[in-house]
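> Dropping in coords.txt, with compact mmCIF, C-alpha atoms.
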```
# COMPACT_ATOMS: atom_id res chain seq x y z
CA MET A 1 0.00 0.00 0.00
CA LEU A 2 1.02 3.62 -0.30
CA ASP A 3 2.22 5.59 2.71
CA THR A 4 -0.74 7.50 4.18
CA ARG A 5 1.39 10.60 4.74
CA TYR A 6 2.54 10.44 1.11
CA ILE A 7 -1.08 10.33 -0.09
CA VAL A 8 -2.15 13.23 2.16
CA GLU A 9 0.84 15.45 1.41
CA ASN A 10 0.65 14.77 -2.35
CA ALA A 11 -3.11 14.36 -2.72
CA GLU A 12 -3.48 16.18 -6.04
CA PHE A 13 -0.53 14.33 -7.57
CA VAL A 14 -1.87 10.96 -6.38
CA LYS A 15 -5.35 11.78 -7.72
CA ALA A 16 -3.83 12.67 -11.09
CA LYS A 17 -1.94 9.37 -11.15
CA MET A 18 -5.04 7.42 -10.18
CA ALA A 19 -6.91 9.07 -13.05
CA GLU A 20 -4.34 7.50 -15.42
CA ARG A 21 -5.23 4.01 -14.17
CA SER A 22 -8.31 1.97 -14.99
CA GLY A 23 -11.06 2.21 -12.39
CA SER A 24 -11.83 4.98 -9.89
CA TYR A 25 -10.12 5.52 -6.54
CA ASP A 26 -11.25 7.68 -3.60
CA VAL A 27 -8.20 9.66 -2.50
CA ASP A 28 -10.37 12.35 -0.89
CA THR A 29 -11.75 9.85 1.64
CA VAL A 30 -8.20 8.99 2.70
CA VAL A 31 -7.42 12.69 3.18
CA ALA A 32 -10.64 13.31 5.15
CA LEU A 33 -10.16 10.29 7.41
CA ASP A 34 -6.56 11.25 8.09
CA ALA A 35 -7.69 14.77 9.07
CA GLU A 36 -10.32 13.25 11.39
CA ARG A 37 -7.70 10.97 12.92
CA ARG A 38 -5.37 13.90 13.54
CA GLN A 39 -8.16 15.90 15.17
CA VAL A 40 -9.06 13.04 17.51
CA LEU A 41 -5.39 12.51 18.37
CA LYS A 42 -5.01 16.21 19.13
CA GLU A 43 -7.97 16.14 21.50
CA VAL A 44 -6.67 13.01 23.21
CA GLU A 45 -3.24 14.56 23.73
CA GLU A 46 -4.78 17.73 25.12
CA LEU A 47 -6.92 15.69 27.55
CA LYS A 48 -3.90 13.64 28.63
CA ALA A 49 -1.91 16.82 29.26
CA LYS A 50 -4.85 18.18 31.29
CA ARG A 51 -5.03 14.89 33.22
CA ASN A 52 -1.36 15.18 34.13
CA ALA A 53 -1.92 18.74 35.37
CA VAL A 54 -5.00 17.75 37.39
CA THR A 55 -3.11 14.80 38.89
CA LYS A 56 -0.50 17.21 40.25
CA GLU A 57 -3.22 19.51 41.58
CA ILE A 58 -4.85 16.57 43.42
CA GLU A 59 -1.51 15.61 44.92
CA THR A 60 -0.96 19.18 46.11
CA LEU A 61 -4.47 19.43 47.64
CA LYS A 62 -4.07 16.14 49.48
CA ARG A 63 -0.62 17.13 50.71
CA ASN A 64 -2.13 20.34 52.11
CA LYS A 65 -5.02 18.36 53.62
CA GLN A 66 -7.55 20.12 51.41
CA SER A 67 -10.54 18.59 49.64
CA ALA A 68 -9.72 17.14 46.21
CA ASP A 69 -13.23 15.85 45.47
CA GLU A 70 -13.94 18.38 42.72
CA LYS A 71 -10.66 17.66 40.97
CA ILE A 72 -11.15 13.89 41.31
CA LEU A 73 -14.57 14.26 39.64
CA GLU A 74 -12.95 16.32 36.90
CA MET A 75 -10.33 13.58 36.48
CA ARG A 76 -12.99 10.88 36.14
CA LYS A 77 -14.85 12.82 33.46
CA ASN A 78 -11.54 13.43 31.70
CA ASN A 79 -10.70 9.72 31.75
CA GLU A 80 -14.15 8.79 30.46
CA ARG A 81 -13.72 11.17 27.54
CA ILE A 82 -10.26 9.76 26.77
CA LYS A 83 -11.68 6.22 26.79
CA GLU A 84 -14.49 7.33 24.50
CA LEU A 85 -12.05 8.99 22.10
CA ASP A 86 -9.81 5.90 22.10
CA GLY A 87 -12.77 3.97 20.73
CA VAL A 88 -13.43 6.66 18.13
CA LEU A 89 -9.74 6.68 17.17
CA ALA A 90 -9.64 2.91 16.71
CA GLU A 91 -12.70 3.09 14.45
CA VAL A 92 -11.29 5.96 12.38
CA GLU A 93 -7.90 4.26 12.01
CA GLU A 94 -9.57 1.05 10.84
CA LYS A 95 -11.56 3.00 8.24
CA LEU A 96 -8.42 4.88 7.19
CA LEU A 97 -6.41 1.68 6.73
CA SER A 98 -9.23 0.15 4.69
CA ALA A 99 -9.40 3.27 2.52
CA VAL A 100 -5.63 3.35 1.96
CA MET A 101 -5.63 -0.32 0.97
CA THR A 102 -8.07 0.41 -1.87
CA ILE A 103 -5.60 2.83 -3.49
CA PRO A 104 -3.30 1.12 -6.04
CA ASN A 105 0.37 1.82 -6.56
CA VAL A 106 1.48 5.00 -8.29
CA PRO A 107 2.70 4.17 -11.82
CA ASP A 108 6.38 4.84 -12.39
CA GLU A 109 7.20 7.93 -14.42
CA SER A 110 8.56 5.70 -17.23
CA VAL A 111 5.17 3.98 -17.69
CA PRO A 112 3.26 5.25 -20.74
CA VAL A 113 -0.16 6.77 -20.10
CA GLY A 114 -2.95 4.78 -21.71
CA LYS A 115 -6.43 3.30 -21.25
CA ASP A 116 -5.93 -0.41 -21.97
CA ASP A 117 -3.71 -3.01 -23.64
CA ALA A 118 -4.08 -1.23 -26.99
CA ASP A 119 -1.83 1.48 -25.54
CA ASN A 120 0.94 -0.86 -24.39
CA VAL A 121 4.36 -0.31 -25.96
CA THR A 122 6.38 -3.02 -27.70
CA MET A 123 9.92 -2.86 -26.31
CA ARG A 124 11.49 -5.66 -28.33
CA VAL A 125 10.68 -8.75 -30.42
CA TRP A 126 12.71 -11.96 -30.48
CA GLY A 127 12.47 -14.73 -33.04
CA THR A 128 10.33 -15.04 -36.13
CA PRO A 129 6.94 -16.79 -36.14
CA ARG A 130 7.13 -20.00 -38.12
CA GLU A 131 5.59 -20.20 -41.57
CA PHE A 132 3.92 -23.61 -41.93
CA ASP A 133 3.69 -25.50 -45.22
CA PHE A 134 0.60 -27.22 -43.84
CA THR A 135 -2.43 -26.07 -41.87
CA PRO A 136 -1.30 -25.95 -38.21
CA LYS A 137 -3.55 -27.24 -35.45
CA ALA A 138 -4.45 -25.65 -32.14
CA HIS A 139 -2.83 -27.14 -29.04
CA TRP A 140 -6.17 -28.47 -27.79
CA ASP A 141 -6.61 -30.52 -30.96
CA ILE A 142 -3.02 -31.79 -30.82
CA GLY A 143 -3.44 -32.60 -27.14
CA GLN A 144 -6.58 -34.63 -27.70
CA GLU A 145 -5.37 -36.42 -30.86
CA LYS A 146 -2.08 -37.45 -29.20
CA ASN A 147 -3.82 -38.32 -25.91
CA LEU A 148 -1.80 -35.70 -24.05
CA LEU A 149 -4.66 -33.58 -22.67
CA ASP A 150 -7.99 -34.93 -21.43
CA PHE A 151 -10.44 -32.05 -21.20
CA ASP A 152 -13.59 -34.17 -20.81
CA ARG A 153 -12.34 -36.08 -17.78
CA GLY A 154 -10.93 -32.89 -16.25
CA THR A 155 -14.42 -31.41 -16.50
CA LYS A 156 -16.00 -34.60 -15.11
CA ILE A 157 -13.66 -34.64 -12.11
CA SER A 158 -13.64 -30.94 -11.25
CA GLY A 159 -15.64 -28.80 -13.68
CA SER A 160 -14.91 -26.52 -16.62
CA ARG A 161 -11.39 -25.14 -17.07
CA PHE A 162 -9.72 -28.12 -15.43
CA THR A 163 -7.56 -30.49 -17.51
CA VAL A 164 -6.01 -33.92 -16.98
CA TYR A 165 -2.50 -34.29 -18.46
CA ARG A 166 -1.78 -37.84 -19.65
CA GLY A 167 1.33 -39.82 -20.61
CA MET A 168 3.74 -37.72 -22.64
CA GLY A 169 1.61 -34.65 -21.95
CA ALA A 170 2.20 -35.04 -18.21
CA ARG A 171 5.89 -35.70 -18.85
CA LEU A 172 6.17 -32.58 -21.00
CA GLU A 173 4.57 -30.44 -18.29
CA ARG A 174 7.00 -31.85 -15.70
CA ALA A 175 9.96 -31.46 -18.05
CA VAL A 176 9.13 -27.80 -18.63
CA TYR A 177 9.02 -26.76 -14.99
CA ASN A 178 12.09 -28.85 -14.08
CA PHE A 179 13.98 -27.18 -16.93
CA MET A 180 12.85 -23.74 -15.75
CA LEU A 181 13.90 -24.38 -12.14
CA ASN A 182 17.29 -25.74 -13.20
CA MET A 183 17.94 -22.77 -15.42
CA HIS A 184 16.96 -20.17 -12.82
CA THR A 185 18.92 -21.80 -9.99
CA SER A 186 21.97 -21.92 -12.27
CA ARG A 187 21.62 -18.14 -12.60
CA GLY A 188 21.71 -17.52 -8.85
CA TYR A 189 18.10 -17.95 -7.72
CA THR A 190 17.44 -19.93 -4.54
CA GLU A 191 14.74 -22.54 -5.07
CA ILE A 192 11.74 -22.49 -2.73
CA PHE A 193 8.95 -25.06 -2.55
CA PRO A 194 6.20 -23.19 -0.66
CA PRO A 195 2.82 -24.19 0.80
CA PHE A 196 -0.08 -23.92 -1.63
CA LEU A 197 -2.39 -22.67 1.15
CA VAL A 198 -1.79 -19.30 2.82
CA ASN A 199 -3.57 -17.26 5.47
CA ARG A 200 -5.42 -13.99 5.01
CA ASP A 201 -2.50 -11.86 6.22
CA SER A 202 -0.33 -13.32 3.46
CA MET A 203 -2.94 -12.47 0.82
CA LYS A 204 -3.16 -8.93 2.17
CA GLY A 205 0.61 -8.61 2.18
CA THR A 206 0.93 -9.02 -1.58
CA GLY A 207 -2.23 -7.07 -2.44
CA GLN A 208 -4.62 -9.88 -3.46
CA LEU A 209 -6.91 -8.97 -0.58
CA PRO A 210 -9.18 -7.22 -0.09
CA LYS A 211 -9.58 -6.03 -3.71
CA PHE A 212 -9.47 -9.38 -5.54
CA GLU A 213 -11.28 -11.64 -3.10
CA GLU A 214 -13.76 -12.83 -5.73
CA ASP A 215 -10.85 -14.29 -7.73
CA MET A 216 -9.60 -16.37 -4.79
CA TYR A 217 -10.52 -19.85 -3.63
CA ALA A 218 -11.18 -19.74 0.13
CA VAL A 219 -11.12 -22.90 2.22
CA LYS A 220 -14.39 -23.16 4.14
CA ASN A 221 -14.27 -22.73 7.93
CA THR A 222 -10.59 -21.71 7.88
CA ASP A 223 -8.48 -18.58 7.41
CA LEU A 224 -6.78 -20.21 4.41
CA TYR A 225 -6.79 -19.54 0.67
CA LEU A 226 -5.43 -21.52 -2.26
CA ILE A 227 -2.59 -19.48 -3.75
CA PRO A 228 -3.15 -17.70 -7.09
CA THR A 229 0.63 -17.67 -7.62
CA ALA A 230 3.81 -18.57 -5.69
CA GLU A 231 4.37 -14.81 -5.42
CA VAL A 232 2.14 -14.86 -2.34
CA PRO A 233 3.91 -17.41 -0.11
CA VAL A 234 7.40 -16.52 -1.33
CA THR A 235 6.99 -12.77 -0.78
CA ASN A 236 5.53 -13.48 2.65
CA LEU A 237 8.60 -15.52 3.62
CA HIS A 238 9.97 -12.27 5.04
CA ARG A 239 6.71 -10.68 6.25
CA GLY A 240 7.30 -8.77 9.48
CA GLU A 241 11.09 -9.14 9.25
CA ILE A 242 13.98 -6.69 9.22
CA LEU A 243 16.65 -7.99 6.85
CA SER A 244 20.29 -7.02 7.06
CA ASP A 245 21.86 -5.07 4.22
CA ASP A 246 24.25 -7.99 3.63
CA GLU A 247 21.29 -10.28 2.83
CA LEU A 248 20.16 -8.13 -0.09
CA ASN A 249 19.57 -8.50 -2.92
CA ILE A 250 17.61 -11.78 -2.58
CA SER A 251 16.44 -13.81 -5.58
CA TYR A 252 14.04 -16.75 -5.20
CA CYS A 253 12.42 -19.08 -7.72
CA ALA A 254 9.54 -21.39 -6.91
CA TYR A 255 7.36 -23.95 -8.63
CA SER A 256 3.73 -24.11 -7.52
CA ALA A 257 0.30 -25.05 -8.65
CA CYS A 258 -1.86 -21.91 -8.92
CA PHE A 259 -5.60 -21.56 -8.36
CA ARG A 260 -7.77 -18.77 -9.74
CA ALA A 261 -11.53 -18.43 -9.95
CA GLU A 262 -11.08 -16.25 -13.05
CA ALA A 263 -14.07 -14.10 -12.05
CA GLY A 264 -15.09 -11.82 -14.89
CA SER A 265 -13.33 -13.87 -17.59
CA ALA A 266 -16.40 -15.70 -18.90
CA GLY A 267 -16.06 -16.44 -22.60
CA ARG A 268 -12.32 -15.68 -22.74
CA ASP A 269 -9.88 -18.41 -23.87
CA THR A 270 -12.43 -21.12 -23.13
CA ARG A 271 -10.66 -23.78 -25.21
CA GLY A 272 -7.36 -25.39 -24.34
CA ILE A 273 -5.05 -24.68 -21.40
CA ILE A 274 -4.45 -20.95 -21.74
CA ARG A 275 -6.90 -19.92 -18.99
CA GLN A 276 -7.43 -22.59 -16.33
CA HIS A 277 -8.68 -22.60 -12.74
CA GLN A 278 -5.64 -24.70 -11.80
CA PHE A 279 -2.29 -24.42 -13.55
CA ASN A 280 1.43 -24.73 -12.88
CA LYS A 281 3.88 -21.85 -12.82
CA VAL A 282 7.48 -21.09 -11.93
CA GLU A 283 7.71 -17.74 -10.16
CA LEU A 284 10.67 -15.40 -9.72
CA VAL A 285 10.70 -13.13 -6.64
CA LYS A 286 13.27 -10.52 -5.62
CA PHE A 287 13.82 -8.42 -2.48
CA THR A 288 16.09 -5.46 -3.18
CA ARG A 289 17.40 -2.19 -1.86
CA PRO A 290 15.32 0.71 -3.24
CA GLU A 291 18.21 2.00 -5.35
CA ASP A 292 18.63 -1.42 -7.00
CA SER A 293 15.06 -2.27 -7.96
CA VAL A 294 15.07 -0.67 -11.43
CA LYS A 295 18.18 -2.62 -12.45
CA GLU A 296 16.88 -5.81 -10.83
CA HIS A 297 13.55 -5.43 -12.64
CA GLU A 298 15.36 -5.41 -15.98
CA GLN A 299 17.41 -8.45 -14.91
CA LEU A 300 14.37 -10.40 -13.74
CA THR A 301 12.67 -9.74 -17.07
CA ALA A 302 15.78 -10.84 -18.95
CA ASP A 303 15.94 -14.04 -16.87
CA ALA A 304 12.35 -14.89 -17.84
CA GLU A 305 13.19 -14.15 -21.48
CA GLU A 306 16.09 -16.60 -21.37
CA ILE A 307 13.62 -19.47 -20.94
CA LEU A 308 11.82 -18.53 -24.15
CA LYS A 309 15.10 -18.11 -26.01
CA ALA A 310 16.36 -21.49 -24.81
CA LEU A 311 13.13 -23.11 -26.03
CA ASN A 312 13.34 -21.18 -29.32
CA LEU A 313 9.85 -19.75 -28.89
CA PRO A 314 9.22 -16.40 -30.65
CA TYR A 315 8.07 -13.69 -28.24
CA ARG A 316 7.79 -9.97 -27.65
CA VAL A 317 8.14 -7.76 -24.57
CA GLN A 318 5.39 -5.23 -23.87
CA LEU A 319 5.67 -2.30 -21.45
CA LEU A 320 2.20 -2.00 -19.95
CA CYS A 321 0.52 1.39 -19.97
CA THR A 322 -0.99 2.95 -16.84
CA GLY A 323 -4.48 1.63 -17.62
CA ASP A 324 -3.25 -1.96 -17.99
CA THR A 325 -0.79 -2.07 -15.08
CA GLY A 326 -1.82 -4.28 -12.15
CA PHE A 327 -3.08 -2.92 -8.83
CA SER A 328 0.12 -3.44 -6.83
CA SER A 329 2.63 -2.80 -9.59
CA SER A 330 4.53 0.38 -10.31
CA LYS A 331 5.84 -0.90 -13.65
CA THR A 332 5.25 -4.13 -15.56
CA TYR A 333 6.71 -5.84 -18.61
CA ASP A 334 4.58 -8.57 -20.18
CA LEU A 335 6.30 -11.33 -22.13
CA GLU A 336 4.05 -12.62 -24.89
CA VAL A 337 4.74 -15.85 -26.79
CA TRP A 338 3.66 -16.43 -30.38
CA MET A 339 0.65 -18.79 -30.65
CA PRO A 340 -0.14 -19.94 -34.21
CA SER A 341 -3.75 -20.92 -33.35
CA TYR A 342 -4.44 -17.36 -32.17
CA ASN A 343 -2.28 -15.83 -34.91
CA ARG A 344 -1.01 -13.41 -32.27
CA TYR A 345 1.18 -13.10 -29.21
CA VAL A 346 -0.26 -14.35 -25.90
CA GLU A 347 0.91 -13.35 -22.42
CA ILE A 348 3.16 -15.93 -20.77
CA SER A 349 4.76 -13.81 -18.04
CA SER A 350 4.28 -10.50 -16.21
CA CYS A 351 7.42 -9.06 -14.63
CA SER A 352 6.67 -6.28 -12.15
CA ASN A 353 8.44 -3.83 -9.85
CA PHE A 354 6.22 -3.11 -6.84
CA LYS A 355 8.73 -0.77 -5.19
CA ASP A 356 7.77 -0.58 -1.46
CA PHE A 357 4.02 -1.14 -2.05
CA GLN A 358 3.96 -4.80 -1.00
CA ALA A 359 6.73 -4.36 1.58
CA ARG A 360 4.70 -1.69 3.35
CA ARG A 361 1.65 -3.98 3.50
CA ALA A 362 3.73 -6.96 4.64
CA ASN A 363 6.09 -4.87 6.82
CA ILE A 364 9.31 -6.11 5.21
CA LYS A 365 12.28 -3.86 5.97
CA TYR A 366 16.06 -3.89 5.88
CA ARG A 367 18.68 -2.19 8.00
CA PRO A 368 20.98 -0.01 5.87
CA LYS A 369 24.70 -0.64 6.11
CA ASP A 370 25.29 2.93 7.36
CA GLY A 371 23.27 2.15 10.49
CA GLY A 372 20.27 4.34 9.65
CA LYS A 373 16.75 3.41 10.68
CA PRO A 374 15.17 0.40 8.92
CA GLN A 375 13.68 1.08 5.49
CA PHE A 376 11.16 -0.82 3.40
CA VAL A 377 12.66 -3.12 0.79
CA HIS A 378 11.46 -3.14 -2.80
CA THR A 379 9.81 -6.35 -4.05
CA LEU A 380 9.68 -7.64 -7.61
CA ASN A 381 8.29 -10.74 -9.22
CA GLY A 382 7.53 -12.35 -12.53
CA SER A 383 6.54 -15.65 -14.05
CA GLY A 384 9.51 -17.62 -15.17
CA LEU A 385 7.27 -18.94 -16.84
CA ALA A 386 3.61 -20.03 -16.85
CA VAL A 387 4.10 -23.76 -17.47
CA GLY A 388 0.81 -24.65 -19.16
CA ARG A 389 1.08 -21.80 -21.62
CA THR A 390 4.65 -22.85 -22.39
CA VAL A 391 3.44 -26.39 -23.11
CA ALA A 392 0.70 -25.01 -25.37
CA ALA A 393 3.24 -22.87 -27.21
CA ILE A 394 5.56 -25.87 -27.72
CA LEU A 395 2.76 -28.06 -29.07
CA GLU A 396 1.69 -25.40 -31.55
CA ASN A 397 5.06 -24.01 -32.65
CA PHE A 398 6.85 -27.39 -32.97
CA GLN A 399 4.09 -29.48 -34.56
CA ASN A 400 4.85 -31.39 -37.74
CA ALA A 401 2.79 -32.25 -40.82
CA ASP A 402 2.62 -35.94 -39.79
CA GLY A 403 0.95 -34.99 -36.48
CA SER A 404 4.07 -35.43 -34.35
CA VAL A 405 5.59 -32.71 -32.16
CA THR A 406 9.33 -32.05 -32.06
CA ILE A 407 10.72 -31.50 -28.56
CA PRO A 408 12.87 -28.37 -28.18
CA GLU A 409 16.51 -29.39 -27.81
CA ALA A 410 16.77 -27.93 -24.29
CA LEU A 411 13.99 -30.27 -23.07
CA VAL A 412 15.26 -33.51 -24.67
CA PRO A 413 17.32 -34.52 -21.56
CA PHE A 414 14.19 -34.11 -19.42
CA MET A 415 11.90 -35.93 -21.86
CA GLY A 416 14.17 -38.81 -22.89
CA THR A 417 13.02 -38.36 -26.48
CA ASP A 418 13.17 -35.71 -29.18
CA LYS A 419 9.65 -36.23 -30.50
CA ILE A 420 6.08 -36.97 -29.38
```
Output the file's structure in the form of structure tokens.


Amino acid sequence: MLDTRYIVENAEFVKAKMAERSGSYDVDTVVALDAERRQVLKEVEELKAKRNAVTKEIETLKRNKQSADEKILEMRKNNERIKELDGVLAEVEEKLLSAVMTIPNVPDESVPVGKDDADNVTMRVWGTPREFDFTPKAHWDIGQEKNLLDFDRGTKISGSRFTVYRGMGARLERAVYNFMLNMHTSRGYTEIFPPFLVNRDSMKGTGQLPKFEEDMYAVKNTDLYLIPTAEVPVTNLHRGEILSDDELNISYCAYSACFRAEAGSAGRDTRGIIRQHQFNKVELVKFTRPEDSVKEHEQLTADAEEILKALNLPYRVQLLCTGDTGFSSSKTYDLEVWMPSYNRYVEISSCSNFKDFQARRANIKYRPKDGGKPQFVHTLNGSGLAVGRTVAAILENFQNADGSVTIPEALVPFMGTDKI
């Protein structure tokens, strides 16, 4: 979340930045509640100062053997008012925190202003989409014909947008995320295997709650949620901690299953494995000093790109405009892989710099080497990559006229074969 003081002291600037985003955000309520909180605090402090003065007066009266009844009555009324105001203050502060948590991050100055994905900027393109000398098939048709993907039984077991991977399809999925983890750990990332269930505080810490509750799967009669991405448990590894300067910068990678209700996505990508309620993903997460986050954001994005290059999958990098940037992010690059069945690029990773937005919510700080007071770290994350979408891209881009699929060279050691 944003710092309340920052919002109040820069209210017009923050409102202007919110106007560049999609949606509407009530900055004025934050300012009004903060003013109310300050007024209550002022009255409480004045009453406490008066109480201290009256206490001394009572002591003097008693020492001089004079009646202190009137002053004691005044003290009781004073204490009752303080207790009343403490209740008011707690209520105002709760409302203020709730209001602040509805305000998204301020887009970085380098983010282009725009309404939606039509205003995103292409930063670079790698590889050339393949020209087929036959009519290429969609990954869902390849998956069914080769008995790699069983959509009907996935639906029977769990419902729509669930898929059963079979035989070589299951092996390909496993090969892809093992390859990704090996590659990222070889580049200095520490591998984490996190829980797939997290508590409400963890979801708040990374910004999923309260805004995106309808997209989450909550476990009945518990405080637990199925994770939408490994970003949540991995970022919360250091929730409430003060890291030492020597520990930074930290780079983690993690495989996890991910669970999303996909509220509001009815009718989008209904066929195949592009948009599922359960899918696998390898996530990259960084904790950095504030002065390093811009450089580390570029590096994280490059690390995700290396997976696509190693698999020889054509892709492009998009800088998201203000209207398409996620709630918690200050700046995001989307990696989009070429999908022949769509005849366009499809998102396969979002690499974001959150600056101190998540760290402030999760209270993650570090102690500077110069001995200054603890500061909030900057957090970054990105998919490295979405596994199911990578599998779909491989099936479509490496299909052959005879119905077989060539395995990218980098995956052959994991698959034990060069063709399906």

> Please provide as a ChimeraX atom specification all residues within 7 Å of range 226-235 of chain A, with the sequence filter that same-chain residues fewer than 2 positions apart are discarded (counting all atoms listed in the file).

/A:194-198,202-203,206,216-218,224,237-238,254,256,258-260,283,285,381

> Distance CA of Met339 in chain A-CA of Ala393 in chain A, one decimal place?

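Between these atoms lies a distance of 5.9 Å.
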
> Quick one: of A:Asn343, A:Asn52, A:Ser329, A:Thr406, who's nearest to Val111 in chain A, counting all atoms listed in the file?

A:Ser329

> Please produce, as JSON lines, a per-residue contact table for range 234-328 of chain A versus range 154-168 of chain A (criterion: any atom at most 10 Å away, all atoms listed in the file considered), showing the nearest atom pair and its distance in Å to one decimal, sorted by chain then residue number.


```
{"residue": "A:Ala261", "atom": "CA", "partner": "A:Arg161", "partner_atom": "CA", "distance": 9.8}
{"residue": "A:Glu262", "atom": "CA", "partner": "A:Arg161", "partner_atom": "CA", "distance": 9.8}
{"residue": "A:Asp269", "atom": "CA", "partner": "A:Arg161", "partner_atom": "CA", "distance": 9.7}
{"residue": "A:Thr270", "atom": "CA", "partner": "A:Arg161", "partner_atom": "CA", "distance": 7.3}
{"residue": "A:Arg271", "atom": "CA", "partner": "A:Arg161", "partner_atom": "CA", "distance": 8.3}
{"residue": "A:Gly272", "atom": "CA", "partner": "A:Arg161", "partner_atom": "CA", "distance": 8.3}
{"residue": "A:Ile273", "atom": "CA", "partner": "A:Thr163", "partner_atom": "CA", "distance": 7.4}
{"residue": "A:Ile274", "atom": "CA", "partner": "A:Arg161", "partner_atom": "CA", "distance": 9.4}
{"residue": "A:Arg275", "atom": "CA", "partner": "A:Arg161", "partner_atom": "CA", "distance": 7.1}
{"residue": "A:Gln276", "atom": "CA", "partner": "A:Arg161", "partner_atom": "CA", "distance": 4.8}
{"residue": "A:His277", "atom": "CA", "partner": "A:Arg161", "partner_atom": "CA", "distance": 5.7}
{"residue": "A:Gln278", "atom": "CA", "partner": "A:Phe162", "partner_atom": "CA", "distance": 6.4}
{"residue": "A:Phe279", "atom": "CA", "partner": "A:Phe162", "partner_atom": "CA", "distance": 8.5}
```

> Which residue, A:Asn199, A:Thr332, A:Ser383, A:Ser341, has the smallest gap to Ala304 in chain A when you use all atoms listed in the file?

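Among A:Asn199, A:Thr332, A:Ser383, A:Ser341, it is A:Ser383 that comes nearest to Ala304 in chain A.
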
> Name all residues at most 9 Å from Ser293 in chain A (count all atoms listed in the file; drop same-chain ones fewer than 6 positions away) and give them as a list in words.

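Using all atoms listed in the file, the neighbours found are Lys286, Phe287, Asn353, Phe354, Lys355, His378, Thr379 and Leu380 of chain A.
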
> Need the neighbours of (-4.9, 1.6, -8.1): which residues are at most 8 Å away, counting only C-alpha atoms, as an NGL selection string?

:A and (18 or 21-25 or 102-106 or 326-328)

> Neighbouring residues of Phe132 in chain A were defined as those with any atom within 9 Å, considering all atoms listed in the file; residues of the same chain fewer than 4 positions away were excluded. Please report them as a list in words.

Pro136, Asn400 and Ala401 of chain A

> Go through A:Asn120, A:Asn78, A:Ser350, A:Thr301 and flag the residue nearest Leu47 in chain A, using only C-alpha atoms for the distances.

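Once distances to Leu47 in chain A are computed over only C-alpha atoms, the minimum belongs to A:Asn78.
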
> Closest to Phe376 in chain A among A:Leu335, A:Val346, A:Leu41, A:Leu243, using only C-alpha atoms?

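Closest to Phe376 in chain A of all the choices is A:Leu243.
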
> Of the residues A:Leu172, A:Glu74, A:Glu9, A:Gly207, which is the one nearest to Phe357 in chain A, using all atoms listed in the file?

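Between A:Leu172, A:Glu74, A:Glu9, A:Gly207, the residue approaching Phe357 in chain A most closely is A:Gly207.
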
> Could you check which of A:Pro408, A:Pro340, A:Gly188, A:Gly384 is closest to Ala302 in chain A, using only C-alpha atoms?

A:Gly384

> Just the number, please: distance in Å from CA of Asn280 in chain A to CA of Ala257 in chain A, one decimal.

4.4 Å

> Find the residues around Pro368 in chain A up to 10 Å (all atoms listed in the file counted), leave out those fewer than 2 positions away in its own chain, and share them as a ChimeraX atom specification.

/A:243-246,289,365-366,370-375
